[in-house]
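Asks: Before anything else, here's the structure in question.
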Amino acid sequence: MSKFDELKKEYESVDIPEELAGVVKRSIREAKQEKAKRPVMRNWLIGTAAAAALFVGSINVSPDLAKAMAKVPVLGSLVEVLTVQQISFNEKTYDADVSTPGITGLGDKDLEAALNEKYLKENKALYEQFQKDIAELEKAGGGHMGMDVGYEVKTDNDRILSIARYEVNTVGSSSTVMQYDTVDKVDNILITLPSLFKNDQYIEAINNYIAGEMKRQMAVDDNISYFTADDEYADGFTTIKPDQSFYISDGGKLIISFDKYEVAPGYMGIVTFEIPTNVIQDYLVSDVYIH
């Protein structure tokens with residue numbers, strides 16, 4: 001049996017550590033208790049992952065992780081972001097490193113459990129796809145492939161928790177995808193971009209600012225390049241999407257994020273734009289989050 005097969009078998013068979021099992025089971029128990037007495041969620045939250053069901057039996061975590069679960073404090077002892085799963089693989093010309101976050105301490109246990117389930121499911125699916133891709137490459141004679149999946153806490157204050165999750169794939173060249181979740185820790189709400197605004201007029205305001213900022217940056221720095229609307233060699237930026245990636249900074253600013261290659265050449269990597277609040281002020285529902 002090859003090292004690859006051994007690691008795959010270990011990944012699929014290792015039991016969930018007792019420490020993590022306690023966290024997950026406690027979340028399930030508290031979620032059921034809270035659900036019985038909690039009023040109906042706000043309408044604009046419907047459609048998020050908050051209604052997803054938890055699974056436990058299929059979660060596999062390395063035994064070594066139970067000895068050294070990484071804990072990153074977010075709000076004192078109330079809310080924490082944990083590394084609940086760490087997968088490492090390295091054989092021949094293939095390597096992968098997958099770190100999965102988990103949240104504890106949110107007031108809404110349904111939301112907490114749904115986010116944690118999403119993170120585990122997504123990363124498990126990514127690793128399983130990585131294994132399949134290796135098998136296909138081996139059939140074709142082999143090759144080079146790498147995957148780096150992880151996370152970082154972008155914002156950590158009394159109200160906002162913004163978690164960025166990244167996926168870097170390397171096959172010849174590399175691509176990077178970034179996803180964000182922004183949570184109101186006080187009111188226990190998963191914040192979406194449209195929920196910040198009264199109507200969709202914010203889209204044009206943000207589009208105009210970003211288009212102008214791209215041109216401004218390129219005019220002052222020859223090392224900066226973007227795909228603009230008048231670019232003859234590529235489809236240039238015209239508009240953000242309704243579900244555009246974003247997060248809220250510690251200073252209460254809206255940060256719009258684009259994946260590698262989305263609006264700029266690969267060497268620019270992940271591209272972000274901080275939107276001045278005065279550009280979107282008239283369209284905001286309130287100044288609680290963005291100010």
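Chain labels follow the order of the structure tokens: the first chain is A, the next B, and so on; residue numbering restarts at 1 in every chain, and ligands are counted from 1 in their shown order.
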Give me the residues of stretch 127-213 of chain A that have any atom at most 7 Å from an atom of stretch 268-290 of chain A; for each, the nearest atom pair and the distance in Å, rounded to one decimal. Use only C-alpha atoms, sort by chain and number, and format it as a tab-separated table.
Replies:
residue	atom	partner	partner_atom	distance
A:Leu196	CA	A:Val285	CA	5.8
A:Phe197	CA	A:Leu284	CA	4.4
A:Lys198	CA	A:Val285	CA	5.3
A:Asn199	CA	A:Tyr283	CA	6.9
A:Gln201	CA	A:Tyr283	CA	6.9
A:Tyr202	CA	A:Tyr283	CA	5.9
A:Ala205	CA	A:Val279	CA	6.6
Asks: Could you save those same residues with N, CA, C and O atoms as a CSV table (one decimal), in the first residue's frame?
Replies:
chain,number,residue,atom,x,y,z
A,196,LEU,N,-26.9,45.3,3.9
A,196,LEU,CA,-26.3,46.6,4.5
A,196,LEU,C,-27.0,47.8,3.9
A,196,LEU,O,-26.9,48.9,4.4
A,197,PHE,N,-27.8,47.6,2.8
A,197,PHE,CA,-28.3,48.7,2.0
A,197,PHE,C,-29.8,48.8,1.9
A,197,PHE,O,-30.5,47.7,2.0
A,198,LYS,N,-30.3,50.0,1.7
A,198,LYS,CA,-31.8,50.2,1.5
A,198,LYS,C,-32.3,49.6,0.2
A,198,LYS,O,-33.4,49.1,0.1
A,199,ASN,N,-31.5,49.7,-0.8
A,199,ASN,CA,-31.9,49.2,-2.2
A,199,ASN,C,-30.6,48.9,-2.9
A,199,ASN,O,-29.5,49.0,-2.4
A,201,GLN,N,-29.1,50.6,-5.3
A,201,GLN,CA,-28.4,51.7,-5.9
A,201,GLN,C,-27.0,51.7,-5.4
A,201,GLN,O,-26.1,52.4,-6.1
A,202,TYR,N,-26.7,51.0,-4.3
A,202,TYR,CA,-25.3,51.0,-3.9
A,202,TYR,C,-24.4,50.3,-4.9
A,202,TYR,O,-23.1,50.6,-4.9
A,205,ALA,N,-22.9,52.9,-7.3
A,205,ALA,CA,-22.0,53.8,-6.5
A,205,ALA,C,-20.7,53.1,-6.3
A,205,ALA,O,-19.6,53.7,-6.5
Asks: Neighbouring residues of A:Thr104 were defined as those with any atom within 8 Å, considering only C-alpha atoms; residues of the same chain fewer than 2 positions away were excluded. Please report them as a list in words.
Replies: Val23, Leu78, Val79, Glu80, Val81, Leu82, Gly102, Leu106 and Glu112 of chain A
Asks: Just asking: which residues within stretch 158-212 of chain A are alpha helix (DSSP H) according to DSSP, as a list in words?
Replies: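 Selecting the alpha helix (DSSP H) positions of stretch 158-212 of chain A gives Gln201, Tyr202, Ile203, Glu204, Ala205, Ile206, Asn207, Asn208, Tyr209, Ile210, Ala211 and Gly212 of chain A.
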Asks: Between A:Lys92, A:Lys185, A:His144, A:Lys124, single out the one closest to A:Asn157, counting only C-alpha atoms.
Replies: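 Under the stated criterion, the closest residue is A:Lys185.
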Asks: Skipping near chain neighbours, those fewer than 2 positions away, what residues fall within 9 Å of A:Leu120 using only C-alpha atoms, listed as a PDB file with N, CA, C and O atoms, in the first residue's frame?
Replies:
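What landed in out00.pdb:
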ATOM      1  N   ILE A  59     -17.071  13.268  10.207  1.00  0.00           N
ATOM      2  CA  ILE A  59     -15.952  14.179  10.427  1.00  0.00           C
ATOM      3  C   ILE A  59     -14.731  13.379  10.878  1.00  0.00           C
ATOM      4  O   ILE A  59     -14.803  12.581  11.794  1.00  0.00           O
ATOM      5  N   VAL A  84     -10.229  23.252  13.915  1.00  0.00           N
ATOM      6  CA  VAL A  84     -10.833  21.998  14.340  1.00  0.00           C
ATOM      7  C   VAL A  84     -10.423  20.824  13.459  1.00  0.00           C
ATOM      8  O   VAL A  84     -10.724  19.674  13.779  1.00  0.00           O
ATOM      9  N   GLN A  85      -9.766  21.108  12.349  1.00  0.00           N
ATOM     10  CA  GLN A  85      -9.324  20.025  11.478  1.00  0.00           C
ATOM     11  C   GLN A  85      -8.082  20.461  10.726  1.00  0.00           C
ATOM     12  O   GLN A  85      -8.038  21.547  10.173  1.00  0.00           O
ATOM     13  N   THR A 100      -9.154  23.844   8.831  1.00  0.00           N
ATOM     14  CA  THR A 100     -10.579  24.177   8.897  1.00  0.00           C
ATOM     15  C   THR A 100     -10.901  24.909  10.186  1.00  0.00           C
ATOM     16  O   THR A 100     -10.578  24.427  11.273  1.00  0.00           O
ATOM     17  N   PRO A 101     -11.552  26.078  10.085  1.00  0.00           N
ATOM     18  CA  PRO A 101     -11.923  26.813  11.296  1.00  0.00           C
ATOM     19  C   PRO A 101     -13.245  26.321  11.881  1.00  0.00           C
ATOM     20  O   PRO A 101     -14.071  25.724  11.185  1.00  0.00           O
ATOM     21  N   GLY A 102     -13.414  26.571  13.158  1.00  0.00           N
ATOM     22  CA  GLY A 102     -14.688  26.336  13.828  1.00  0.00           C
ATOM     23  C   GLY A 102     -14.922  27.457  14.815  1.00  0.00           C
ATOM     24  O   GLY A 102     -13.981  27.963  15.428  1.00  0.00           O
ATOM     25  N   LEU A 115     -22.501  27.359  10.407  1.00  0.00           N
ATOM     26  CA  LEU A 115     -21.225  27.821   9.866  1.00  0.00           C
ATOM     27  C   LEU A 115     -20.147  26.752  10.025  1.00  0.00           C
ATOM     28  O   LEU A 115     -19.383  26.476   9.094  1.00  0.00           O
ATOM     29  N   ASN A 116     -20.099  26.137  11.202  1.00  0.00           N
ATOM     30  CA  ASN A 116     -19.090  25.112  11.438  1.00  0.00           C
ATOM     31  C   ASN A 116     -19.279  23.913  10.519  1.00  0.00           C
ATOM     32  O   ASN A 116     -18.309  23.342  10.012  1.00  0.00           O
ATOM     33  N   GLU A 117     -20.541  23.528  10.308  1.00  0.00           N
ATOM     34  CA  GLU A 117     -20.804  22.416   9.394  1.00  0.00           C
ATOM     35  C   GLU A 117     -20.367  22.771   7.977  1.00  0.00           C
ATOM     36  O   GLU A 117     -19.769  21.950   7.269  1.00  0.00           O
ATOM     37  N   LYS A 118     -20.654  23.997   7.566  1.00  0.00           N
ATOM     38  CA  LYS A 118     -20.281  24.434   6.226  1.00  0.00           C
ATOM     39  C   LYS A 118     -18.765  24.351   6.027  1.00  0.00           C
ATOM     40  O   LYS A 118     -18.297  23.841   4.999  1.00  0.00           O
ATOM     41  N   GLU A 122     -17.162  21.774   3.287  1.00  0.00           N
ATOM     42  CA  GLU A 122     -16.463  22.338   2.136  1.00  0.00           C
ATOM     43  C   GLU A 122     -15.028  21.841   2.068  1.00  0.00           C
ATOM     44  O   GLU A 122     -14.540  21.456   0.990  1.00  0.00           O
ATOM     45  N   ASN A 123     -14.319  21.838   3.197  1.00  0.00           N
ATOM     46  CA  ASN A 123     -12.921  21.421   3.179  1.00  0.00           C
ATOM     47  C   ASN A 123     -12.774  19.917   2.967  1.00  0.00           C
ATOM     48  O   ASN A 123     -11.828  19.463   2.312  1.00  0.00           O
ATOM     49  N   LYS A 124     -13.708  19.156   3.483  1.00  0.00           N
ATOM     50  CA  LYS A 124     -13.681  17.714   3.232  1.00  0.00           C
ATOM     51  C   LYS A 124     -13.867  17.440   1.742  1.00  0.00           C
ATOM     52  O   LYS A 124     -13.178  16.603   1.147  1.00  0.00           O
ATOM     53  N   ALA A 125     -14.792  18.173   1.110  1.00  0.00           N
ATOM     54  CA  ALA A 125     -15.039  18.012  -0.329  1.00  0.00           C
ATOM     55  C   ALA A 125     -13.818  18.429  -1.143  1.00  0.00           C
ATOM     56  O   ALA A 125     -13.466  17.777  -2.136  1.00  0.00           O
TER      57      ALA A 125
END
Asks: Of the candidates A:Ala264, A:Ile255, A:Leu190, A:Val168, which shows the shortest atom-to-atom distance to A:Val149, using only C-alpha atoms?
Replies: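 Using only C-alpha atoms, the shortest distance to A:Val149 belongs to A:Val168.
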Asks: Report the residues of stretch 195-273 of chain A whose backbone DSSP state falls under strand (DSSP E or B), written as a VMD selection string.
Replies: chain A and resid 197 246 to 248 254 to 258 271 to 273
Asks: Would you save the residues from that selection as a CSV table (one decimal), in the first residue's frame, using N, CA and C atoms?
Replies:
chain,number,residue,atom,x,y,z
A,197,PHE,N,-27.8,47.6,2.8
A,197,PHE,CA,-28.3,48.7,2.0
A,197,PHE,C,-29.8,48.8,1.9
A,246,PHE,N,-16.9,40.2,0.3
A,246,PHE,CA,-16.6,41.5,1.1
A,246,PHE,C,-16.4,41.1,2.5
A,247,TYR,N,-15.8,42.1,3.2
A,247,TYR,CA,-15.8,42.0,4.7
A,247,TYR,C,-15.9,43.4,5.3
A,248,ILE,N,-16.1,43.5,6.6
A,248,ILE,CA,-16.1,44.8,7.2
A,248,ILE,C,-14.8,44.9,8.1
A,254,LEU,N,-16.2,49.2,4.5
A,254,LEU,CA,-16.6,48.1,3.6
A,254,LEU,C,-15.4,47.8,2.7
A,255,ILE,N,-15.0,46.5,2.7
A,255,ILE,CA,-13.9,46.1,1.9
A,255,ILE,C,-14.4,45.1,0.8
A,256,ILE,N,-14.3,45.5,-0.5
A,256,ILE,CA,-14.7,44.7,-1.6
A,256,ILE,C,-13.5,43.8,-2.0
A,257,SER,N,-13.7,42.5,-2.2
A,257,SER,CA,-12.6,41.7,-2.6
A,257,SER,C,-12.9,40.9,-3.9
A,258,PHE,N,-11.8,40.8,-4.7
A,258,PHE,CA,-11.8,40.1,-6.0
A,258,PHE,C,-10.8,39.0,-5.9
A,271,VAL,N,-7.3,41.0,-4.9
A,271,VAL,CA,-7.4,42.5,-5.0
A,271,VAL,C,-8.5,43.0,-4.1
A,272,THR,N,-8.3,43.9,-3.3
A,272,THR,CA,-9.3,44.5,-2.4
A,272,THR,C,-9.4,46.0,-2.6
A,273,PHE,N,-10.6,46.5,-2.4
A,273,PHE,CA,-10.8,48.0,-2.4
A,273,PHE,C,-11.6,48.4,-1.2
Asks: Which one is closest to A:Asn207: A:Ile160, A:Pro242, A:Asp222, A:Asp187? Count only C-alpha atoms.
Replies: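 For A:Asn207, the nearest of the given residues is A:Pro242.
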Asks: Just how far from atom CA of A:Tyr180 is atom CA of A:Tyr166, in Å to one decimal?
Replies: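 Atom CA of A:Tyr180 lies 8.8 Å from atom CA of A:Tyr166.
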Asks: Between A:Gly105, A:Phe89, A:Phe227, A:Val98, which one has atoms that come closest to A:Val186, using only C-alpha atoms?
Replies: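 With only C-alpha atoms as the atom set, the closest residue is A:Gly105.
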Asks: So how many Å separate atom CA of A:Glu136 and atom CA of A:Asn169, to one decimal?
Replies: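 Atom CA of A:Glu136 sits 15.9 Å away from atom CA of A:Asn169.
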Asks: Record the distance separating atom CA of A:Met178 and atom CA of A:Glu138, expressed in Å with one decimal.
Replies: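 Interatomic distance, atom CA of A:Met178 to atom CA of A:Glu138: 28.6 Å.
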